[in-house]
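**Q** So here's query01.pdb, just PDB, C-alpha atoms:
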```
ATOM      1  CA  MET H  24     -39.267   7.435 -23.873
ATOM      2  CA  TYR H  25     -35.552   6.836 -23.498
ATOM      3  CA  GLU H  26     -34.257   3.381 -22.835
ATOM      4  CA  LYS H  27     -32.091   3.168 -19.739
ATOM      5  CA  GLU H  28     -28.535   2.156 -20.582
ATOM      6  CA  LYS H  29     -27.455  -1.192 -19.227
ATOM      7  CA  PRO H  30     -24.594  -1.031 -16.727
ATOM      8  CA  THR H  31     -21.217  -2.181 -17.923
ATOM      9  CA  GLY H  32     -19.557  -5.266 -16.470
ATOM     10  CA  ILE H  33     -17.267  -3.133 -14.329
ATOM     11  CA  GLU H  34     -20.226  -1.097 -13.078
ATOM     12  CA  ARG H  35     -21.980  -4.344 -12.139
ATOM     13  CA  PHE H  36     -18.802  -5.519 -10.410
ATOM     14  CA  MET H  37     -18.426  -2.280  -8.445
ATOM     15  CA  ALA H  38     -22.081  -2.548  -7.363
ATOM     16  CA  LEU H  39     -21.392  -5.884  -5.647
ATOM     17  CA  GLU H  40     -21.484  -6.119  -1.874
ATOM     18  CA  GLU H  41     -18.131  -4.812  -0.627
ATOM     19  CA  GLY H  42     -16.993  -8.043   1.021
ATOM     20  CA  LYS H  43     -17.615 -10.107  -2.109
ATOM     21  CA  ARG H  44     -15.972  -7.502  -4.344
ATOM     22  CA  GLU H  45     -12.868  -7.364  -2.117
ATOM     23  CA  ARG H  46     -12.683 -11.176  -1.977
ATOM     24  CA  ILE H  47     -12.624 -11.317  -5.796
ATOM     25  CA  ILE H  48     -10.069  -8.498  -6.040
ATOM     26  CA  ASN H  49      -7.805 -10.173  -3.477
ATOM     27  CA  ALA H  50      -7.990 -13.543  -5.230
ATOM     28  CA  CYS H  51      -7.149 -11.970  -8.587
ATOM     29  CA  MET H  52      -4.313  -9.797  -7.245
ATOM     30  CA  LYS H  53      -2.858 -12.828  -5.495
ATOM     31  CA  GLU H  54      -2.748 -14.788  -8.731
ATOM     32  CA  PHE H  55      -1.581 -11.893 -10.924
ATOM     33  CA  GLN H  56       1.365 -11.151  -8.598
ATOM     34  CA  TYR H  57       3.185 -13.995 -10.382
ATOM     35  CA  GLY H  58       2.806 -12.246 -13.728
ATOM     36  CA  PHE H  59       0.072 -11.881 -16.291
ATOM     37  CA  LYS H  60       0.991 -14.918 -18.404
ATOM     38  CA  LYS H  61       1.332 -17.291 -15.450
ATOM     39  CA  ALA H  62      -1.913 -16.158 -13.817
ATOM     40  CA  SER H  63      -4.750 -18.661 -14.005
ATOM     41  CA  THR H  64      -8.360 -17.507 -13.994
ATOM     42  CA  ASP H  65      -9.289 -21.034 -12.807
ATOM     43  CA  ILE H  66      -7.281 -20.453  -9.620
ATOM     44  CA  MET H  67      -8.735 -16.946  -9.244
ATOM     45  CA  VAL H  68     -12.348 -18.074  -9.370
ATOM     46  CA  LYS H  69     -11.711 -21.047  -7.087
ATOM     47  CA  GLU H  70     -10.078 -18.784  -4.491
ATOM     48  CA  ALA H  71     -12.797 -16.136  -4.860
ATOM     49  CA  GLY H  72     -15.578 -18.704  -4.603
ATOM     50  CA  ILE H  73     -17.267 -17.692  -7.848
ATOM     51  CA  SER H  74     -17.794 -19.263 -11.250
ATOM     52  CA  LYS H  75     -15.644 -18.475 -14.244
ATOM     53  CA  GLY H  76     -18.763 -17.356 -16.092
ATOM     54  CA  LEU H  77     -19.466 -14.791 -13.394
ATOM     55  CA  LEU H  78     -15.906 -13.450 -13.603
ATOM     56  CA  TYR H  79     -16.338 -12.998 -17.356
ATOM     57  CA  HIS H  80     -19.753 -11.437 -16.746
ATOM     58  CA  TYR H  81     -17.872  -8.580 -15.062
ATOM     59  CA  PHE H  82     -14.726  -8.587 -17.197
ATOM     60  CA  ASN H  83     -14.812  -9.621 -20.851
ATOM     61  CA  THR H  84     -11.239 -10.896 -20.941
ATOM     62  CA  LYS H  85      -8.307 -11.661 -18.685
ATOM     63  CA  GLU H  86      -6.690  -8.516 -20.121
ATOM     64  CA  ASP H  87      -9.700  -6.409 -19.086
ATOM     65  CA  LEU H  88      -9.516  -7.856 -15.571
ATOM     66  CA  TYR H  89      -5.792  -7.147 -15.314
ATOM     67  CA  SER H  90      -6.228  -3.605 -16.622
ATOM     68  CA  PHE H  91      -9.009  -2.967 -14.110
ATOM     69  CA  LEU H  92      -6.881  -4.315 -11.235
ATOM     70  CA  THR H  93      -3.824  -2.234 -12.111
ATOM     71  CA  HIS H  94      -5.900   0.947 -12.169
ATOM     72  CA  TYR H  95      -7.852  -0.070  -9.077
ATOM     73  CA  ALA H  96      -4.659  -0.821  -7.118
ATOM     74  CA  MET H  97      -3.056   2.503  -8.049
ATOM     75  CA  ASP H  98      -6.267   4.417  -7.268
ATOM     76  CA  THR H  99      -6.524   2.650  -3.908
ATOM     77  CA  LEU H 100      -2.937   3.534  -3.030
ATOM     78  CA  GLN H 101      -3.541   7.121  -4.072
ATOM     79  CA  LYS H 102      -6.765   7.500  -2.081
ATOM     80  CA  ASP H 103      -6.009   5.346   0.962
ATOM     81  CA  TYR H 104      -2.267   5.884   1.321
ATOM     82  CA  PHE H 105      -0.673   8.780  -0.547
ATOM     83  CA  ASP H 106      -3.540  11.232   0.033
ATOM     84  CA  MET H 107      -3.781  10.304   3.725
ATOM     85  CA  ILE H 108      -0.134  11.006   4.575
ATOM     86  CA  THR H 109      -0.036  14.197   6.592
ATOM     87  CA  LEU H 110       2.717  16.340   5.206
ATOM     88  CA  GLY H 111       4.115  19.028   7.422
ATOM     89  CA  GLN H 112       4.442  16.670  10.406
ATOM     90  CA  SER H 113       7.643  17.939  12.002
ATOM     91  CA  ASP H 114       8.564  14.692  13.778
ATOM     92  CA  ILE H 115       9.924  12.384  11.097
ATOM     93  CA  LEU H 116       9.612   9.337  13.335
ATOM     94  CA  GLU H 117       5.892  10.091  13.757
ATOM     95  CA  SER H 118       5.580  10.487   9.977
ATOM     96  CA  ILE H 119       7.185   7.090   9.433
ATOM     97  CA  TRP H 120       4.862   5.506  12.012
ATOM     98  CA  GLN H 121       1.831   7.072  10.307
ATOM     99  CA  MET H 122       2.931   5.656   6.934
ATOM    100  CA  VAL H 123       3.397   2.166   8.411
ATOM    101  CA  LEU H 124      -0.099   2.279   9.978
ATOM    102  CA  LEU H 125      -1.683   3.466   6.724
ATOM    103  CA  LYS H 126       0.042   0.639   4.869
ATOM    104  CA  LYS H 127      -1.358  -1.845   7.411
ATOM    105  CA  ASP H 128      -4.880  -0.526   6.814
ATOM    106  CA  ILE H 129      -4.511  -1.188   3.092
ATOM    107  CA  ILE H 130      -3.011  -4.655   3.629
ATOM    108  CA  ASP H 131      -5.906  -5.513   5.961
ATOM    109  CA  ARG H 132      -8.278  -4.904   3.037
ATOM    110  CA  TYR H 133      -6.112  -6.040   0.130
ATOM    111  CA  THR H 134      -3.602  -8.605   1.360
ATOM    112  CA  HIS H 135      -1.709  -8.911  -1.919
ATOM    113  CA  ILE H 136      -1.876  -5.331  -3.247
ATOM    114  CA  TYR H 137       1.797  -4.444  -2.727
ATOM    115  CA  ARG H 138       3.111  -7.678  -4.247
ATOM    116  CA  PHE H 139       0.660  -7.265  -7.123
ATOM    117  CA  ILE H 140       1.823  -3.709  -7.787
ATOM    118  CA  ALA H 141       5.447  -4.811  -7.571
ATOM    119  CA  SER H 142       4.725  -7.340 -10.343
ATOM    120  CA  PHE H 143       3.915  -4.697 -12.944
ATOM    121  CA  GLU H 144       5.641  -1.515 -13.997
ATOM    122  CA  GLY H 145       5.099   0.613 -10.928
ATOM    123  CA  GLN H 146       6.883   3.733 -12.178
ATOM    124  CA  GLU H 147       3.957   5.976 -11.270
ATOM    125  CA  ARG H 148       3.849   4.573  -7.726
ATOM    126  CA  ALA H 149       7.630   4.809  -7.318
ATOM    127  CA  GLU H 150       7.648   8.445  -8.441
ATOM    128  CA  LYS H 151       4.743   9.323  -6.139
ATOM    129  CA  GLN H 152       6.386   7.542  -3.175
ATOM    130  CA  LYS H 153       9.673   9.337  -3.857
ATOM    131  CA  ALA H 154       7.962  12.749  -4.061
ATOM    132  CA  ILE H 155       6.110  12.155  -0.787
ATOM    133  CA  MET H 156       9.267  11.005   0.977
ATOM    134  CA  GLN H 157      11.116  14.099  -0.263
ATOM    135  CA  ASP H 158       8.314  16.261   1.163
ATOM    136  CA  VAL H 159       8.426  14.351   4.458
ATOM    137  CA  TYR H 160      12.211  14.776   4.703
ATOM    138  CA  ALA H 161      12.042  18.441   3.755
ATOM    139  CA  SER H 162       9.556  19.217   6.509
ATOM    140  CA  TYR H 163      11.100  17.410   9.471
ATOM    141  CA  ASP H 164      12.259  19.407  12.476
ATOM    142  CA  LYS H 165      16.025  19.071  12.801
ATOM    143  CA  SER H 166      15.901  20.717  16.228
ATOM    144  CA  LEU H 167      14.415  17.496  17.660
ATOM    145  CA  PHE H 168      17.787  15.837  17.121
ATOM    146  CA  ARG H 169      20.650  16.070  19.585
ATOM    147  CA  GLU H 170      23.316  18.624  18.626
ATOM    148  CA  ASP H 171      26.009  15.924  18.352
ATOM    149  CA  VAL H 172      23.933  13.965  15.793
ATOM    150  CA  ASN H 173      23.951  14.738  12.069
ATOM    151  CA  SER H 174      20.185  14.586  11.484
ATOM    152  CA  ASP H 175      20.500  13.825   7.763
ATOM    153  CA  ARG H 176      22.772  10.835   8.445
ATOM    154  CA  ALA H 177      20.462   9.691  11.252
ATOM    155  CA  ILE H 178      17.507   9.745   8.835
ATOM    156  CA  ASP H 179      19.559   7.728   6.321
ATOM    157  CA  ILE H 180      20.202   5.135   9.043
ATOM    158  CA  ILE H 181      16.549   5.027  10.125
ATOM    159  CA  ILE H 182      15.122   4.715   6.616
ATOM    160  CA  GLY H 183      17.764   2.216   5.488
ATOM    161  CA  PHE H 184      17.214   0.050   8.524
ATOM    162  CA  LEU H 185      13.422   0.117   8.318
ATOM    163  CA  ASP H 186      13.568  -0.690   4.590
ATOM    164  CA  SER H 187      15.589  -3.802   5.451
ATOM    165  CA  LEU H 188      12.927  -5.199   7.806
ATOM    166  CA  ASP H 189      10.956  -8.136   6.451
ATOM    167  CA  GLU H 190       7.242  -7.277   6.138
ATOM    168  CA  SER H 191       6.161 -10.748   5.107
ATOM    169  CA  GLY H 192       4.100 -12.806   7.481
ATOM    170  CA  ASP H 193       2.361 -11.346  10.496
ATOM    171  CA  TYR H 194       2.014  -7.592  10.005
ATOM    172  CA  GLU H 195       1.127  -7.125  13.693
ATOM    173  CA  SER H 196       4.586  -8.456  14.621
ATOM    174  CA  PHE H 197       6.105  -6.184  12.010
ATOM    175  CA  LEU H 198       4.270  -3.182  13.518
ATOM    176  CA  ALA H 199       5.515  -4.042  17.002
ATOM    177  CA  LYS H 200       9.063  -4.345  15.686
ATOM    178  CA  VAL H 201       8.872  -1.006  13.843
ATOM    179  CA  GLN H 202       7.490   0.706  16.928
ATOM    180  CA  GLU H 203      10.272  -0.768  19.066
ATOM    181  CA  TYR H 204      12.956   0.451  16.647
ATOM    182  CA  LEU H 205      11.395   3.898  16.314
ATOM    183  CA  ASP H 206      11.474   4.163  20.129
ATOM    184  CA  ILE H 207      15.161   3.185  20.110
ATOM    185  CA  PHE H 208      15.919   5.720  17.369
ATOM    186  CA  ARG H 209      14.053   8.392  19.326
ATOM    187  CA  LYS H 210      16.123   7.650  22.457
ATOM    188  CA  CYS H 211      19.408   7.551  20.527
ATOM    189  CA  PHE H 212      18.982  10.509  18.207
ATOM    190  CA  TYR H 213      16.530  12.925  19.831
ATOM    191  CA  LYS H 214      17.217  15.344  22.664
ATOM    192  CA  GLN H 215      16.441  13.867  26.091
ATOM    193  CA  GLY H 216      15.378  10.629  24.402
ATOM    194  CA  GLY H 217      12.719  12.476  22.431
ATOM    195  CA  ASP H 218      11.025  14.117  25.403
ATOM    196  CA  ASN H 219      10.916  17.722  24.251
TER     197      ASN H 219
END
```
Taking this structure as input, can you express it in the form of structure tokens?

**A**
Amino acid sequence: MYEKEKPTGIERFMALEEGKRERIINACMKEFQYGFKKASTDIMVKEAGISKGLLYHYFNTKEDLYSFLTHYAMDTLQKDYFDMITLGQSDILESIWQMVLLKKDIIDRYTHIYRFIASFEGQERAEKQKAIMQDVYASYDKSLFREDVNSDRAIDIIIGFLDSLDESGDYESFLAKVQEYLDIFRKCFYKQGGDN
């Protein structure tokens, strides 16, 4: 008779109830956003409401935990953000709105994921984001824009302006602000205020 293999620490961690698992992930991402060396596992476990022994039951070392989180964060962005963006949407303002809503969904689950990712070498994420944005720009319908508007310059203005908005704090307020600006852009740049 074969002996059943014991699950690894990460397998035990992933088998946790979703709410508890996400609470631990959020606490660890929050602390790691300040850099690996500065991150304190004491603060992580206090914020997560678990013991240090339990954290090390799942992850043998701080390095193992950090490695898991970097992969988990990138996989989450891939699955819940990049893969969900509908390419081929002809209205670029609708595409932008969809991306903002998807980002909100991720932040609702993992409050610190974007700041955590920004704290480590995010070359893979940056390249993926750039490729998606190039696809979004390549597929937008220039005929939605008024004839007297250079659509490429208008997109530069829209993207540059939206990139300058502060996302920190209340994301609901940020969403309302983005929606308001997208409505203004639609009225300014699209034919008949965007009513095609």

**Q** Provide the CA of Asp186 (chain H) to CA of Gly58 (chain H) distance in Å, to one decimal place.

**A**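 Between CA of Asp186 (chain H) and CA of Gly58 (chain H) the gap works out to 24.2 Å.
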
**Q** At what distance in Å, to one decimal, does CA of Tyr133 (chain H) lie from CA of Asn49 (chain H)?

**A**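 Between these atoms lies a distance of 5.7 Å.
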
**Q** Taking into account all atoms listed in the file, which residue in the set H:Met97, H:Val123, H:Ala161, H:Ile136 is nearest to Tyr194 (chain H)?

**A**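 Among the listed residues, the smallest separation from Tyr194 (chain H) belongs to H:Val123.
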
**Q** Quick one: apply the PyMOL selection byres ((chain H and resi 57) around 12) to the file and drop the selected residues here as an NGL selection string.

**A** :H and (51-56 or 58-63 or 135 or 138-143)

**Q** List the residues matched by the PyMOL selection byres ((chain H and resi 208) around 12) in the displayed structure as number ranges by chain, ordered by chain and then by residue number.

**A** H: 115-117, 119, 167-169, 172, 174, 177-182, 184-185, 201-207, 209-217

**Q** Got a minute to add N, CA and C atoms to region 82-116 of chain H and dump it as an mmCIF file, in the frame of the given file?

**A**
```
data_model
loop_
_atom_site.group_PDB
_atom_site.id
_atom_site.type_symbol
_atom_site.label_atom_id
_atom_site.label_comp_id
_atom_site.auth_asym_id
_atom_site.auth_seq_id
_atom_site.Cartn_x
_atom_site.Cartn_y
_atom_site.Cartn_z
ATOM 1 N N PHE H 82 -15.895 -8.972 -16.386
ATOM 2 C CA PHE H 82 -14.726 -8.587 -17.197
ATOM 3 C C PHE H 82 -14.710 -9.475 -18.442
ATOM 4 N N ASN H 83 -14.706 -8.850 -19.602
ATOM 5 C CA ASN H 83 -14.812 -9.621 -20.851
ATOM 6 C C ASN H 83 -13.630 -10.549 -21.078
ATOM 7 N N THR H 84 -12.447 -10.109 -20.684
ATOM 8 C CA THR H 84 -11.239 -10.896 -20.941
ATOM 9 C C THR H 84 -10.313 -10.828 -19.729
ATOM 10 N N LYS H 85 -9.344 -11.688 -19.725
ATOM 11 C CA LYS H 85 -8.307 -11.661 -18.685
ATOM 12 C C LYS H 85 -7.567 -10.323 -18.733
ATOM 13 N N GLU H 86 -7.360 -9.812 -19.947
ATOM 14 C CA GLU H 86 -6.690 -8.516 -20.121
ATOM 15 C C GLU H 86 -7.503 -7.388 -19.491
ATOM 16 N N ASP H 87 -8.830 -7.426 -19.683
ATOM 17 C CA ASP H 87 -9.700 -6.409 -19.086
ATOM 18 C C ASP H 87 -9.625 -6.464 -17.552
ATOM 19 N N LEU H 88 -9.621 -7.675 -17.016
ATOM 20 C CA LEU H 88 -9.516 -7.856 -15.571
ATOM 21 C C LEU H 88 -8.197 -7.292 -15.053
ATOM 22 N N TYR H 89 -7.114 -7.623 -15.724
ATOM 23 C CA TYR H 89 -5.792 -7.147 -15.314
ATOM 24 C C TYR H 89 -5.707 -5.619 -15.393
ATOM 25 N N SER H 90 -6.226 -5.056 -16.457
ATOM 26 C CA SER H 90 -6.228 -3.605 -16.622
ATOM 27 C C SER H 90 -7.025 -2.942 -15.503
ATOM 28 N N PHE H 91 -8.196 -3.500 -15.203
ATOM 29 C CA PHE H 91 -9.009 -2.967 -14.110
ATOM 30 C C PHE H 91 -8.224 -3.015 -12.800
ATOM 31 N N LEU H 92 -7.592 -4.152 -12.501
ATOM 32 C CA LEU H 92 -6.881 -4.315 -11.235
ATOM 33 C C LEU H 92 -5.690 -3.368 -11.103
ATOM 34 N N THR H 93 -4.972 -3.144 -12.197
ATOM 35 C CA THR H 93 -3.824 -2.234 -12.111
ATOM 36 C C THR H 93 -4.293 -0.819 -11.799
ATOM 37 N N HIS H 94 -5.354 -0.388 -12.449
ATOM 38 C CA HIS H 94 -5.900 0.947 -12.169
ATOM 39 C C HIS H 94 -6.506 1.010 -10.760
ATOM 40 N N TYR H 95 -7.214 -0.036 -10.390
ATOM 41 C CA TYR H 95 -7.852 -0.070 -9.077
ATOM 42 C C TYR H 95 -6.791 -0.027 -7.970
ATOM 43 N N ALA H 96 -5.729 -0.791 -8.131
ATOM 44 C CA ALA H 96 -4.659 -0.821 -7.118
ATOM 45 C C ALA H 96 -3.999 0.545 -6.981
ATOM 46 N N MET H 97 -3.691 1.183 -8.105
ATOM 47 C CA MET H 97 -3.056 2.503 -8.049
ATOM 48 C C MET H 97 -4.006 3.538 -7.460
ATOM 49 N N ASP H 98 -5.284 3.481 -7.834
ATOM 50 C CA ASP H 98 -6.267 4.417 -7.268
ATOM 51 C C ASP H 98 -6.416 4.209 -5.763
ATOM 52 N N THR H 99 -6.415 2.953 -5.337
ATOM 53 C CA THR H 99 -6.524 2.650 -3.908
ATOM 54 C C THR H 99 -5.330 3.198 -3.151
ATOM 55 N N LEU H 100 -4.127 2.986 -3.691
ATOM 56 C CA LEU H 100 -2.937 3.534 -3.030
ATOM 57 C C LEU H 100 -2.996 5.046 -2.976
ATOM 58 N N GLN H 101 -3.450 5.661 -4.047
ATOM 59 C CA GLN H 101 -3.541 7.121 -4.072
ATOM 60 C C GLN H 101 -4.517 7.610 -3.004
ATOM 61 N N LYS H 102 -5.701 7.032 -2.976
ATOM 62 C CA LYS H 102 -6.765 7.500 -2.081
ATOM 63 C C LYS H 102 -6.518 7.106 -0.628
ATOM 64 N N ASP H 103 -6.098 5.858 -0.403
ATOM 65 C CA ASP H 103 -6.009 5.346 0.962
ATOM 66 C C ASP H 103 -4.617 5.439 1.574
ATOM 67 N N TYR H 104 -3.620 5.804 0.773
ATOM 68 C CA TYR H 104 -2.267 5.884 1.321
ATOM 69 C C TYR H 104 -1.657 7.251 1.046
ATOM 70 N N PHE H 105 -1.368 7.538 -0.212
ATOM 71 C CA PHE H 105 -0.673 8.780 -0.547
ATOM 72 C C PHE H 105 -1.437 10.014 -0.084
ATOM 73 N N ASP H 106 -2.749 10.048 -0.331
ATOM 74 C CA ASP H 106 -3.540 11.232 0.033
ATOM 75 C C ASP H 106 -3.753 11.363 1.537
ATOM 76 N N MET H 107 -3.549 10.279 2.281
ATOM 77 C CA MET H 107 -3.781 10.304 3.725
ATOM 78 C C MET H 107 -2.526 10.675 4.516
ATOM 79 N N ILE H 108 -1.368 10.660 3.867
ATOM 80 C CA ILE H 108 -0.134 11.006 4.575
ATOM 81 C C ILE H 108 -0.157 12.490 4.886
ATOM 82 N N THR H 109 -0.004 12.806 6.153
ATOM 83 C CA THR H 109 -0.036 14.197 6.592
ATOM 84 C C THR H 109 1.337 14.806 6.410
ATOM 85 N N LEU H 110 1.452 15.651 5.415
ATOM 86 C CA LEU H 110 2.717 16.340 5.206
ATOM 87 C C LEU H 110 2.775 17.522 6.164
ATOM 88 N N GLY H 111 3.960 17.918 6.498
ATOM 89 C CA GLY H 111 4.115 19.028 7.422
ATOM 90 C C GLY H 111 4.269 18.553 8.857
ATOM 91 N N GLN H 112 4.173 17.234 9.089
ATOM 92 C CA GLN H 112 4.442 16.670 10.406
ATOM 93 C C GLN H 112 5.922 16.897 10.688
ATOM 94 N N SER H 113 6.242 17.574 11.764
ATOM 95 C CA SER H 113 7.643 17.939 12.002
ATOM 96 C C SER H 113 8.475 16.796 12.572
ATOM 97 N N ASP H 114 7.838 15.828 13.198
ATOM 98 C CA ASP H 114 8.564 14.692 13.778
ATOM 99 C C ASP H 114 8.629 13.576 12.747
ATOM 100 N N ILE H 115 9.794 13.364 12.175
ATOM 101 C CA ILE H 115 9.924 12.384 11.097
ATOM 102 C C ILE H 115 9.613 10.977 11.576
ATOM 103 N N LEU H 116 9.919 10.669 12.824
ATOM 104 C CA LEU H 116 9.612 9.337 13.335
ATOM 105 C C LEU H 116 8.097 9.131 13.422
#
```
